[in-house]
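**Q** My structure is in query-v4.cif, and what it holds is mmCIF, C-alpha atoms and all ligand atoms:
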```cif
data_query
#
loop_
_atom_site.label_atom_id
_atom_site.label_comp_id
_atom_site.auth_asym_id
_atom_site.auth_seq_id
_atom_site.Cartn_x
_atom_site.Cartn_y
_atom_site.Cartn_z
CA MET A 391 72.60 81.50 72.88
CA THR A 392 73.97 85.07 73.16
CA ALA A 393 77.76 85.30 72.93
CA ASN A 394 79.59 86.20 76.12
CA PRO A 395 79.92 90.01 75.87
CA ILE A 396 82.51 90.31 78.66
CA LYS A 397 85.83 90.27 76.87
CA ASP A 398 88.29 87.80 78.40
CA GLY A 399 86.09 87.54 81.49
CA GLU A 400 87.27 90.98 82.64
CA PHE A 401 84.04 92.07 84.30
CA LEU A 402 85.65 94.23 86.99
CA HIS A 403 87.93 95.94 84.46
CA GLN A 404 84.96 96.65 82.20
CA SER A 405 82.93 97.88 85.21
CA ARG A 406 85.66 100.33 86.17
CA ARG A 407 86.90 101.47 82.77
CA ALA A 408 83.87 101.14 80.47
CA PRO A 409 80.79 101.06 82.72
CA ASP A 410 78.51 102.28 79.90
CA SER A 411 79.34 99.16 77.88
CA LEU A 412 77.53 97.08 80.52
CA GLU A 413 74.27 99.00 80.45
CA ALA A 414 72.51 97.29 77.58
CA ILE A 415 73.67 93.73 78.24
CA SER A 416 70.71 91.37 78.52
CA PRO A 417 71.09 88.18 80.53
CA PHE A 418 73.05 85.60 78.55
CA THR A 419 73.95 81.94 78.90
CA LEU A 420 77.41 80.41 78.84
CA SER A 421 77.98 77.21 76.88
CA ASN A 422 77.83 75.27 80.17
CA GLN A 423 74.28 76.67 80.59
CA THR A 424 75.15 79.05 83.46
CA ARG A 425 72.95 82.12 83.18
CA VAL A 426 74.71 85.46 83.63
CA SER A 427 72.84 88.66 84.58
CA ILE A 428 74.51 92.03 84.93
CA ASP A 429 72.55 94.50 86.99
CA ALA A 430 74.97 97.41 86.95
CA PRO A 431 78.73 97.97 86.91
CA GLY A 432 80.23 95.75 89.62
CA ILE A 433 77.06 93.70 90.11
CA ILE A 434 76.94 90.30 88.39
CA ARG A 435 74.82 87.23 89.08
CA PHE A 436 75.30 83.64 88.00
CA ASP A 437 72.68 80.89 88.07
CA PRO A 438 73.38 77.28 87.13
CA PRO A 439 70.67 75.49 85.11
CA ALA A 440 67.76 74.21 87.21
CA GLN A 441 68.73 70.53 86.89
CA GLN A 442 72.19 71.28 88.32
CA HIS A 443 71.14 73.80 90.95
CA ALA A 444 71.93 72.41 94.39
CA GLY A 445 69.97 75.02 96.32
CA LYS A 446 72.24 77.66 97.85
CA TYR A 447 72.09 81.40 97.18
CA VAL A 448 75.49 82.92 97.89
CA VAL A 449 76.34 86.65 97.97
CA LEU A 450 80.05 87.48 97.80
CA SER A 451 80.75 91.16 98.29
CA CYS A 452 84.09 92.92 98.27
CA GLY A 453 85.41 96.45 97.88
CA VAL A 454 82.76 98.02 100.10
CA HIS A 455 85.95 99.76 101.18
CA GLY A 456 87.82 100.67 98.01
CA ASN A 457 91.35 100.12 99.30
CA GLU A 458 90.75 96.60 100.63
CA THR A 459 92.15 94.99 97.53
CA ALA A 460 92.80 91.31 98.30
CA PRO A 461 89.10 90.37 98.44
CA ILE A 462 88.53 92.37 95.25
CA GLU A 463 91.29 90.40 93.52
CA ILE A 464 89.84 87.09 94.79
CA CYS A 465 86.33 87.93 93.52
CA ASP A 466 87.68 89.29 90.22
CA ASP A 467 89.49 85.97 89.67
CA LEU A 468 86.43 83.91 90.55
CA VAL A 469 84.20 85.92 88.20
CA ARG A 470 86.76 85.52 85.42
CA ASP A 471 86.97 81.76 86.03
CA ILE A 472 83.18 81.46 85.87
CA LEU A 473 82.87 83.58 82.73
CA LEU A 474 85.65 81.63 81.01
CA GLU A 475 84.05 78.36 82.17
CA ARG A 476 87.02 77.24 84.20
CA LEU A 477 84.68 77.04 87.20
CA THR A 478 81.20 75.52 86.99
CA LEU A 479 78.73 76.54 89.68
CA ARG A 480 76.18 74.35 91.46
CA HIS A 481 74.60 77.29 93.32
CA SER A 482 73.43 80.81 92.48
CA VAL A 483 76.09 83.39 93.22
CA LEU A 484 75.82 87.18 93.29
CA PHE A 485 79.11 89.09 93.18
CA LEU A 486 79.10 92.68 94.37
CA PHE A 487 82.12 94.94 93.84
CA GLY A 488 81.07 97.63 96.25
CA ASN A 489 82.74 101.00 95.90
CA LEU A 490 84.18 101.35 92.37
CA PRO A 491 85.07 105.09 92.63
CA ALA A 492 86.94 104.47 95.90
CA MET A 493 88.93 101.68 94.21
CA ASP A 494 89.99 104.20 91.55
CA ILE A 495 91.48 106.53 94.17
CA ALA A 496 92.78 103.65 96.35
CA GLU A 497 90.88 104.93 99.39
CA ARG A 498 88.52 103.42 101.93
CA PHE A 499 85.75 105.70 100.63
CA VAL A 500 85.23 108.91 98.65
CA GLU A 501 82.79 110.87 100.83
CA GLU A 502 81.31 108.50 103.37
CA ASN A 503 82.04 105.07 104.82
CA MET A 504 79.69 102.84 102.84
CA ASN A 505 79.67 100.16 105.51
CA ARG A 506 77.70 102.47 107.81
CA LEU A 507 74.96 103.08 105.25
CA PHE A 508 72.97 99.84 105.12
CA SER A 509 69.57 98.92 106.57
CA GLY A 510 68.23 102.14 105.15
CA ALA A 511 70.84 104.47 106.70
CA HIS A 512 71.62 105.59 103.12
CA SER A 513 68.33 107.47 103.05
CA GLU A 514 68.36 108.98 106.53
CA GLY A 515 69.36 112.54 107.44
CA GLU A 516 70.03 114.48 104.27
CA GLY A 517 68.91 111.47 102.16
CA CYS A 518 70.56 109.64 99.31
CA VAL A 519 72.73 112.61 98.40
CA ASN A 520 76.07 111.11 97.43
CA ALA A 521 77.42 108.25 95.36
CA GLU A 522 78.11 106.04 98.38
CA ARG A 523 74.57 106.39 99.68
CA GLN A 524 73.15 105.65 96.22
CA ARG A 525 75.42 102.63 95.86
CA ALA A 526 74.51 101.23 99.28
CA LYS A 527 70.84 101.49 98.29
CA GLN A 528 71.56 99.78 94.97
CA LEU A 529 73.52 96.99 96.68
CA GLU A 530 70.67 96.39 99.13
CA ALA A 531 68.25 96.17 96.18
CA ALA A 532 70.54 93.70 94.38
CA VAL A 533 70.66 91.49 97.48
CA SER A 534 66.86 91.75 97.92
CA ASP A 535 66.20 90.77 94.30
CA PHE A 536 68.64 87.87 94.56
CA PHE A 537 67.22 86.44 97.76
CA ALA A 538 63.66 87.02 96.49
CA ASP A 539 64.39 84.23 93.99
CA ALA A 540 65.58 81.86 96.71
CA PRO A 541 62.85 79.33 97.50
CA ASP A 542 61.72 79.16 101.13
CA HIS A 543 64.12 77.08 103.21
CA SER A 544 66.95 77.38 100.70
CA THR A 545 70.29 78.38 102.22
CA ARG A 546 71.03 82.11 101.98
CA LEU A 547 74.62 83.13 102.54
CA HIS A 548 76.45 86.45 102.44
CA TYR A 549 80.18 86.83 103.00
CA ASP A 550 81.21 90.50 102.95
CA LEU A 551 84.96 90.30 102.40
CA HIS A 552 87.29 92.94 103.85
CA THR A 553 90.87 93.49 105.00
CA ALA A 554 91.76 95.42 108.13
CA ILE A 555 93.67 98.70 108.35
CA ARG A 556 96.05 97.40 111.04
CA ALA A 557 98.04 94.28 111.52
CA SER A 558 96.27 91.81 113.74
CA LYS A 559 97.42 89.26 116.32
CA ASN A 560 94.70 87.03 114.86
CA GLU A 561 95.24 87.71 111.17
CA LYS A 562 91.89 86.47 109.89
CA PHE A 563 88.66 87.01 111.75
CA ALA A 564 84.96 87.46 111.17
CA VAL A 565 82.29 89.64 112.69
CA TYR A 566 79.13 87.64 113.35
CA PRO A 567 76.29 90.19 113.24
CA TYR A 568 73.85 90.40 116.12
CA LEU A 569 71.25 87.66 115.66
CA HIS A 570 68.44 88.91 117.90
CA GLY A 571 68.31 85.53 119.65
CA ARG A 572 68.71 83.29 116.58
CA PRO A 573 71.31 80.56 117.13
CA HIS A 574 74.88 80.85 115.91
CA SER A 575 75.58 78.35 113.14
CA LEU A 576 78.28 75.75 113.75
CA GLY A 577 78.15 74.85 110.07
CA GLN A 578 79.02 78.44 109.17
CA LEU A 579 81.89 78.44 111.64
CA GLY A 580 83.12 75.28 109.90
CA PHE A 581 83.08 77.05 106.56
CA LEU A 582 84.87 80.10 107.98
CA ALA A 583 87.50 77.83 109.56
CA ALA A 584 88.04 76.23 106.14
CA CYS A 585 88.69 79.78 104.87
CA GLY A 586 91.38 80.11 107.56
CA VAL A 587 89.13 82.27 109.73
CA LYS A 588 89.23 80.86 113.24
CA THR A 589 88.59 83.99 115.28
CA ILE A 590 84.97 85.09 115.56
CA LEU A 591 83.60 88.29 117.12
CA LEU A 592 80.01 88.04 118.24
CA SER A 593 78.33 91.38 117.80
CA GLU A 594 75.79 92.20 120.48
CA SER A 595 73.82 95.01 118.91
CA PRO A 596 72.28 96.08 115.58
CA THR A 597 74.58 97.99 113.21
CA THR A 598 74.34 99.58 109.78
CA THR A 599 76.89 97.25 108.17
CA PHE A 600 76.22 95.22 105.03
CA SER A 601 76.47 91.86 106.78
CA TYR A 602 74.01 92.88 109.50
CA TYR A 603 71.60 93.98 106.75
CA SER A 604 71.61 90.57 105.04
CA SER A 605 71.46 88.75 108.34
CA HIS A 606 68.64 90.78 109.80
CA VAL A 607 66.52 91.65 106.79
CA HIS A 608 67.03 88.48 104.73
CA ASN A 609 67.63 85.92 107.45
CA ALA A 610 70.88 84.99 105.71
CA HIS A 611 73.94 83.52 107.35
CA ALA A 612 76.01 86.67 106.91
CA PHE A 613 79.45 87.76 108.09
CA THR A 614 81.97 90.54 107.71
CA VAL A 615 85.12 88.55 106.97
CA GLU A 616 88.53 90.16 107.56
CA LEU A 617 91.06 88.22 105.51
CA GLY A 618 94.26 90.11 106.28
CA LYS A 619 95.70 93.60 106.08
CA VAL A 620 94.98 96.38 103.59
CA ARG A 621 97.56 96.57 100.76
CA PRO A 622 97.52 98.31 97.35
CA PHE A 623 96.37 96.40 94.24
CA GLY A 624 99.03 93.97 93.07
CA GLN A 625 100.87 93.96 96.41
CA ASN A 626 98.95 91.19 98.12
CA ASP A 627 100.65 87.88 98.82
CA MET A 628 97.83 85.81 97.38
CA THR A 629 99.18 82.62 98.99
CA ARG A 630 97.78 84.01 102.26
CA PHE A 631 94.30 83.88 100.76
CA ALA A 632 94.59 80.43 99.17
CA ASP A 633 92.46 78.67 101.79
CA ALA A 634 89.70 81.26 101.51
CA ARG A 635 89.70 81.10 97.76
CA LYS A 636 89.63 77.32 97.76
CA ALA A 637 86.81 77.13 100.31
CA ILE A 638 84.71 79.65 98.36
CA THR A 639 85.36 77.71 95.15
CA ARG A 640 84.25 74.47 96.79
CA LEU A 641 81.21 76.13 98.40
CA THR A 642 79.94 77.41 95.07
CA SER A 643 80.91 74.50 92.81
CA GLU A 644 80.21 71.43 94.95
CA GLU A 645 76.74 70.09 95.69
CA ASP A 646 77.11 70.25 99.46
CA TYR A 647 80.45 71.44 100.76
CA ALA A 648 80.09 71.31 104.55
CA PRO A 649 83.43 71.42 106.36
CA GLN A 650 83.23 71.00 110.12
CA VAL A 651 85.15 72.48 113.00
CA ALA A 652 85.40 71.66 116.69
CA PRO A 653 84.21 74.85 118.44
CA GLU A 654 86.92 74.53 121.10
CA THR A 655 89.57 75.10 118.38
CA LEU A 656 88.14 78.57 117.65
CA ASP A 657 88.82 81.87 119.40
CA ILE A 658 85.40 83.32 120.15
CA TYR A 659 85.06 86.85 121.46
CA ARG A 660 82.05 88.94 122.24
CA VAL A 661 81.97 92.67 121.72
CA ASN A 662 82.13 94.32 125.13
CA GLN A 663 82.25 98.02 124.25
CA VAL A 664 81.40 99.94 121.10
CA ILE A 665 83.18 103.28 121.51
CA ASN A 666 81.96 106.01 119.20
CA ARG A 667 83.89 109.21 118.56
CA GLN A 668 81.78 112.00 119.97
CA GLN A 669 84.13 114.94 119.71
CA GLU A 670 86.80 116.34 117.44
CA ALA A 671 89.51 115.81 120.05
CA PHE A 672 89.12 112.03 120.30
CA GLU A 673 92.38 110.22 121.08
CA LEU A 674 93.53 106.64 121.30
CA HIS A 675 95.92 105.87 124.14
CA PHE A 676 98.08 103.33 122.33
CA ASP A 677 100.47 103.48 119.37
CA ASP A 678 99.22 103.62 115.80
CA ASP A 679 100.91 100.31 115.04
CA THR A 680 99.28 98.44 117.94
CA PRO A 681 97.75 95.33 116.35
CA ASN A 682 94.12 94.30 116.61
CA PHE A 683 93.50 91.88 119.53
CA THR A 684 96.12 93.47 121.77
CA ASP A 685 94.65 93.07 125.25
CA TYR A 686 94.83 95.23 128.35
CA ALA A 687 94.43 95.01 132.11
CA LYS A 688 91.21 96.23 133.72
CA GLY A 689 91.32 100.00 134.22
CA THR A 690 93.76 100.76 131.36
CA VAL A 691 92.68 103.94 129.59
CA LEU A 692 92.18 103.02 125.93
CA ALA A 693 90.79 106.26 124.52
CA SER A 694 89.62 109.66 125.64
CA GLU A 695 87.93 112.85 124.54
CA PRO A 696 87.24 116.00 126.50
CA GLY A 697 85.35 115.15 129.68
CA ARG A 698 85.34 111.42 129.03
CA GLN A 699 87.69 108.47 129.10
CA TYR A 700 87.21 104.89 128.00
CA GLU A 701 88.85 102.10 129.99
CA ALA A 702 89.22 98.36 129.73
CA GLN A 703 86.41 97.05 131.93
CA GLN A 704 87.93 93.59 132.39
CA ASP A 705 91.38 92.03 132.43
CA GLY A 706 92.17 90.71 128.95
CA GLU A 707 89.84 93.11 127.11
CA ALA A 708 91.24 93.54 123.60
CA ILE A 709 91.01 96.28 120.99
CA VAL A 710 89.67 95.81 117.46
CA PHE A 711 89.32 98.31 114.57
CA PRO A 712 90.73 101.36 116.40
CA ASN A 713 90.47 104.47 114.26
CA ALA A 714 90.49 107.92 115.86
CA ARG A 715 89.80 109.67 112.54
CA VAL A 716 86.31 108.32 111.85
CA ALA A 717 83.48 110.81 111.37
CA ILE A 718 82.01 112.16 114.59
CA GLY A 719 79.32 109.80 115.85
CA GLN A 720 80.90 106.75 114.23
CA ARG A 721 82.60 103.76 115.78
CA ALA A 722 86.21 104.52 116.69
CA LEU A 723 87.00 101.34 118.60
CA LEU A 724 85.54 98.00 119.56
CA THR A 725 86.65 96.12 122.61
CA VAL A 726 86.20 92.37 122.82
CA VAL A 727 86.50 89.74 125.53
CA PRO A 728 86.84 85.96 125.20
CA THR A 729 83.61 84.01 125.43
CA THR A 730 82.16 80.64 124.48
CA LEU A 731 79.33 79.78 122.13
CA GLU A 732 76.11 78.99 123.89
CA HIS A 733 73.18 78.90 121.53
CA THR A 734 74.28 77.05 118.38
CA ASP A 735 72.68 75.28 115.47
CA VAL A 736 74.29 73.12 112.76
O1 LIG B 801 90.56 97.79 110.17
C1 LIG B 801 89.63 98.55 110.36
O2 LIG B 801 89.68 99.46 111.22
C2 LIG B 801 88.35 98.42 109.59
C3 LIG B 801 88.21 97.16 108.75
C4 LIG B 801 86.76 97.11 108.30
O3 LIG B 801 86.42 97.68 107.32
N1 LIG B 801 85.92 96.49 109.14
C5 LIG B 801 84.50 96.55 108.98
C6 LIG B 801 83.83 95.74 110.05
C7 LIG B 801 82.33 95.74 109.90
C8 LIG B 801 81.59 95.00 111.00
O4 LIG B 801 81.72 95.38 112.16
O5 LIG B 801 80.86 94.04 110.69
C9 LIG B 801 84.06 98.01 109.06
O6 LIG B 801 84.59 98.75 109.89
O7 LIG B 801 83.17 98.37 108.29
ZN ZN B 802 86.53 97.08 105.29
#
```
Would you put the structure from the file into structure tokens?
**A**
Amino acid sequence: MTANPIKDGEFLHQSRRAPDSLEAISPFTLSNQTRVSIDAPGIIRFDPPAQQHAGKYVVLSCGVHGNETAPIEICDDLVRDILLERLTLRHSVLFLFGNLPAMDIAERFVEENMNRLFSGAHSEGEGCVNAERQRAKQLEAAVSDFFADAPDHSTRLHYDLHTAIRASKNEKFAVYPYLHGRPHSLGQLGFLAACGVKTILLSESPTTTFSYYSSHVHNAHAFTVELGKVRPFGQNDMTRFADARKAITRLTSEEDYAPQVAPETLDIYRVNQVINRQQEAFELHFDDDTPNFTDYAKGTVLASEPGRQYEAQQDGEAIVFPNARVAIGQRALLTVVPTTLEHTDV
């Protein structure tokens, strides 16, 4: 057995401060027989021994936006607990710490929003020309390799963990990527509810986000999960994430953790408008501190740019992820309206 080369279980620290030290590490086995494979800085995979493997393949990604620290701290803790054998897995788990350089400068991204670069967008236009494009390509490859080892019919899961820029009337929520007619999973909504996530946005079109990539390309149950509000490292009240951490721990360490939820206890929204910034002079028509899920009467002007204005199309249409400063062509605002789940599966 090779000794554990990650000192004190500090994989993220070593990835950020001594990335070269991870290059030559061959897969190794912990004394509890968990196999550990390090693909690159910030990319680490754990596989329990075959006789204990209970069949799920779980991707946990965080830090796709470098300043969204709470999910990074949760994943860092989980990785440490696994490496120090305080947590024994029953399923294969791939941890991805997305944008390491953006974490170092405490920003959402360095050059380009990485969560618009998946499903091959990293190689479009000018090509894979910057670190974020290269990393998105590498993350896609890591997910592909991981799921390639999942036997047919095994459960493939990907939770891409984020925190939102603004406060939110519904603090925790998840984006359910567009499923192209596949059913929404009640079992997954049960797991998200156990994480404290009881507001779900049903996306109605393809996107270039990480969760859509895993959902569409790998047929995984995949979600963008917003666990709270962006705060600097060390300033998160981790008690607010206790349910999520506990549910993830149970998911990965129990044979078949399957919490249930009554759908009528959830707030389900569907995306009604995706408003992209098309011009420099794009403006939002509400205050910067207006929380996500604030709703408006039909006809209220929500945003404008020269020659064009964007209104609420229905009473009760609510705003999510408003950001007037995104790159031209990118999403500056989503609007959502309440809906119910129609096509579901367990
Ligand atoms: O608070 C914000 O404005 C952004 C928070 C965030 O990063 N959200 C994700 C959502 C991705 C999705 O729609 O699945 C993003 O904008 O990338
Ligand atoms: Zn984010």
**Q** To check your reading of the model: which residues sit at most 7 Å from ligand LIG 801 (chain B) when counting only C-alpha atoms and all ligand atoms? Write the answer as a PyMOL selection string.
**A** chain A and resi 455+505-506+552-556+565+567+599+601+613-614+711-713
**Q** Store the residues picked out above, limited to C-alpha atoms, as a PDB file, in the coordinates of the input.
**A**
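part-v4.pdb written:
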```
ATOM      1  CA  HIS A 455      85.950  99.760 101.180  1.00  0.00           C
ATOM      2  CA  ASN A 505      79.670 100.160 105.510  1.00  0.00           C
ATOM      3  CA  ARG A 506      77.700 102.470 107.810  1.00  0.00           C
ATOM      4  CA  HIS A 552      87.290  92.940 103.850  1.00  0.00           C
ATOM      5  CA  THR A 553      90.870  93.490 105.000  1.00  0.00           C
ATOM      6  CA  ALA A 554      91.760  95.420 108.130  1.00  0.00           C
ATOM      7  CA  ILE A 555      93.670  98.700 108.350  1.00  0.00           C
ATOM      8  CA  ARG A 556      96.050  97.400 111.040  1.00  0.00           C
ATOM      9  CA  VAL A 565      82.290  89.640 112.690  1.00  0.00           C
ATOM     10  CA  PRO A 567      76.290  90.190 113.240  1.00  0.00           C
ATOM     11  CA  THR A 599      76.890  97.250 108.170  1.00  0.00           C
ATOM     12  CA  SER A 601      76.470  91.860 106.780  1.00  0.00           C
ATOM     13  CA  PHE A 613      79.450  87.760 108.090  1.00  0.00           C
ATOM     14  CA  THR A 614      81.970  90.540 107.710  1.00  0.00           C
ATOM     15  CA  PHE A 711      89.320  98.310 114.570  1.00  0.00           C
ATOM     16  CA  PRO A 712      90.730 101.360 116.400  1.00  0.00           C
ATOM     17  CA  ASN A 713      90.470 104.470 114.260  1.00  0.00           C
TER      18      ASN A 713
END
```
**Q** Find the residues near Glu458 (chain A): any atom within 12 Å, counting all atoms listed in the file, skip ones fewer than 3 places away on the same chain, and give them as a PyMOL selection string.
**A** chain A and resi 451-455+461-464+487-490+492-499+550-556+615-626
**Q** Go ahead and compute the interatomic distance for CA of Ile415 (chain A) and CA of Arg635 (chain A), in Å to one decimal.
**A** 28.2 Å
**Q** Could you check how far CA of Leu576 (chain A) sits from CA of Pro649 (chain A), in Å to one decimal?
**A**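 Distance reported for this atom pair: 10.0 Å.
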**Q** When you draw a straight line from CA of Ala687 (chain A) to CA of Thr730 (chain A), how long is it in Å?
**A** 20.4 Å
**Q** Name all residues at most 10 Å from Ala671 (chain A) (count all atoms listed in the file; drop same-chain ones fewer than 4 positions away) and give them as a PDB file with C-alpha atoms, in the coordinates of the input.
**A**
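Saved to result-v4.pdb:
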```pdb
ATOM      1  CA  ARG A 667      83.890 109.210 118.560  1.00  0.00           C
ATOM      2  CA  SER A 694      89.620 109.660 125.640  1.00  0.00           C
ATOM      3  CA  GLU A 695      87.930 112.850 124.540  1.00  0.00           C
ATOM      4  CA  PRO A 696      87.240 116.000 126.500  1.00  0.00           C
ATOM      5  CA  ALA A 714      90.490 107.920 115.860  1.00  0.00           C
ATOM      6  CA  ARG A 715      89.800 109.670 112.540  1.00  0.00           C
ATOM      7  CA  ILE A 718      82.010 112.160 114.590  1.00  0.00           C
TER       8      ILE A 718
END
```
**Q** Excluding same-chain residues fewer than 3 positions from Ala584 (chain A), what lies within 10 Å of it counting all atoms listed in the file, as a JSON list (two decimals) with C-alpha atoms, in the frame of the given file?
**A**
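Contents of the output file out-v4.json:
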```json
[["chain", "number", "residue", "atom", "x", "y", "z"],
["A", 578, "GLN", "CA", 79.02, 78.44, 109.17],
["A", 579, "LEU", "CA", 81.89, 78.44, 111.64],
["A", 580, "GLY", "CA", 83.12, 75.28, 109.90],
["A", 581, "PHE", "CA", 83.08, 77.05, 106.56],
["A", 587, "VAL", "CA", 89.13, 82.27, 109.73],
["A", 588, "LYS", "CA", 89.23, 80.86, 113.24],
["A", 633, "ASP", "CA", 92.46, 78.67, 101.79],
["A", 634, "ALA", "CA", 89.70, 81.26, 101.51],
["A", 635, "ARG", "CA", 89.70, 81.10, 97.76],
["A", 636, "LYS", "CA", 89.63, 77.32, 97.76],
["A", 637, "ALA", "CA", 86.81, 77.13, 100.31],
["A", 638, "ILE", "CA", 84.71, 79.65, 98.36],
["A", 648, "ALA", "CA", 80.09, 71.31, 104.55],
["A", 649, "PRO", "CA", 83.43, 71.42, 106.36],
["A", 650, "GLN", "CA", 83.23, 71.00, 110.12],
["A", 651, "VAL", "CA", 85.15, 72.48, 113.00]]
```
**Q** Find, counting all atoms listed in the file, the residue in A:Ser405, A:Ala540, A:Ala564, A:Glu514 that gets nearest to ligand ZN 802 (chain B).
**A**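 Among the listed residues, A:Ala564 lies closest to ligand ZN 802 (chain B).
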**Q** Of the residues A:Met504, A:Leu484, A:Ala408, A:Ala652, which is the one nearest to ligand ZN 802 (chain B), using all atoms listed in the file?
**A**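 Answer, going by the shortest atom-to-atom distance: A:Met504.
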**Q** Counting only C-alpha atoms, which of A:Thr459, A:Ser513, A:Leu402, A:Thr478 gets nearest to Arg425 (chain A)?
**A**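 Once distances to Arg425 (chain A) are computed over only C-alpha atoms, the minimum belongs to A:Thr478.
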**Q** Would you mind listing what lies within 7 Å of Ala610 (chain A) as a short mmCIF file (atom, residue, chain, number, x, y, z; two decimals) with C-alpha atoms, keeping the file's coordinate frame, with all atoms listed in the file counted and same-chain residues fewer than 5 positions away left out?
**A**
```cif
data_model
loop_
_atom_site.label_atom_id
_atom_site.label_comp_id
_atom_site.auth_asym_id
_atom_site.auth_seq_id
_atom_site.Cartn_x
_atom_site.Cartn_y
_atom_site.Cartn_z
CA ARG A 546 71.03 82.11 101.98
CA LEU A 547 74.62 83.13 102.54
CA HIS A 548 76.45 86.45 102.44
CA SER A 604 71.61 90.57 105.04
CA SER A 605 71.46 88.75 108.34
#
```
**Q** Between A:His481, A:Arg721, A:His675, A:Arg523, which one has atoms that come closest to Glu701 (chain A), using all atoms listed in the file?
**A** A:His675
**Q** Just the residues within 10 Å of Asn609 (chain A), please, counting all atoms listed in the file, with nothing from its chain fewer than 2 positions along; format it as a PyMOL selection string.
**A** chain A and resi 537+545-547+569+572+602-607+611-612
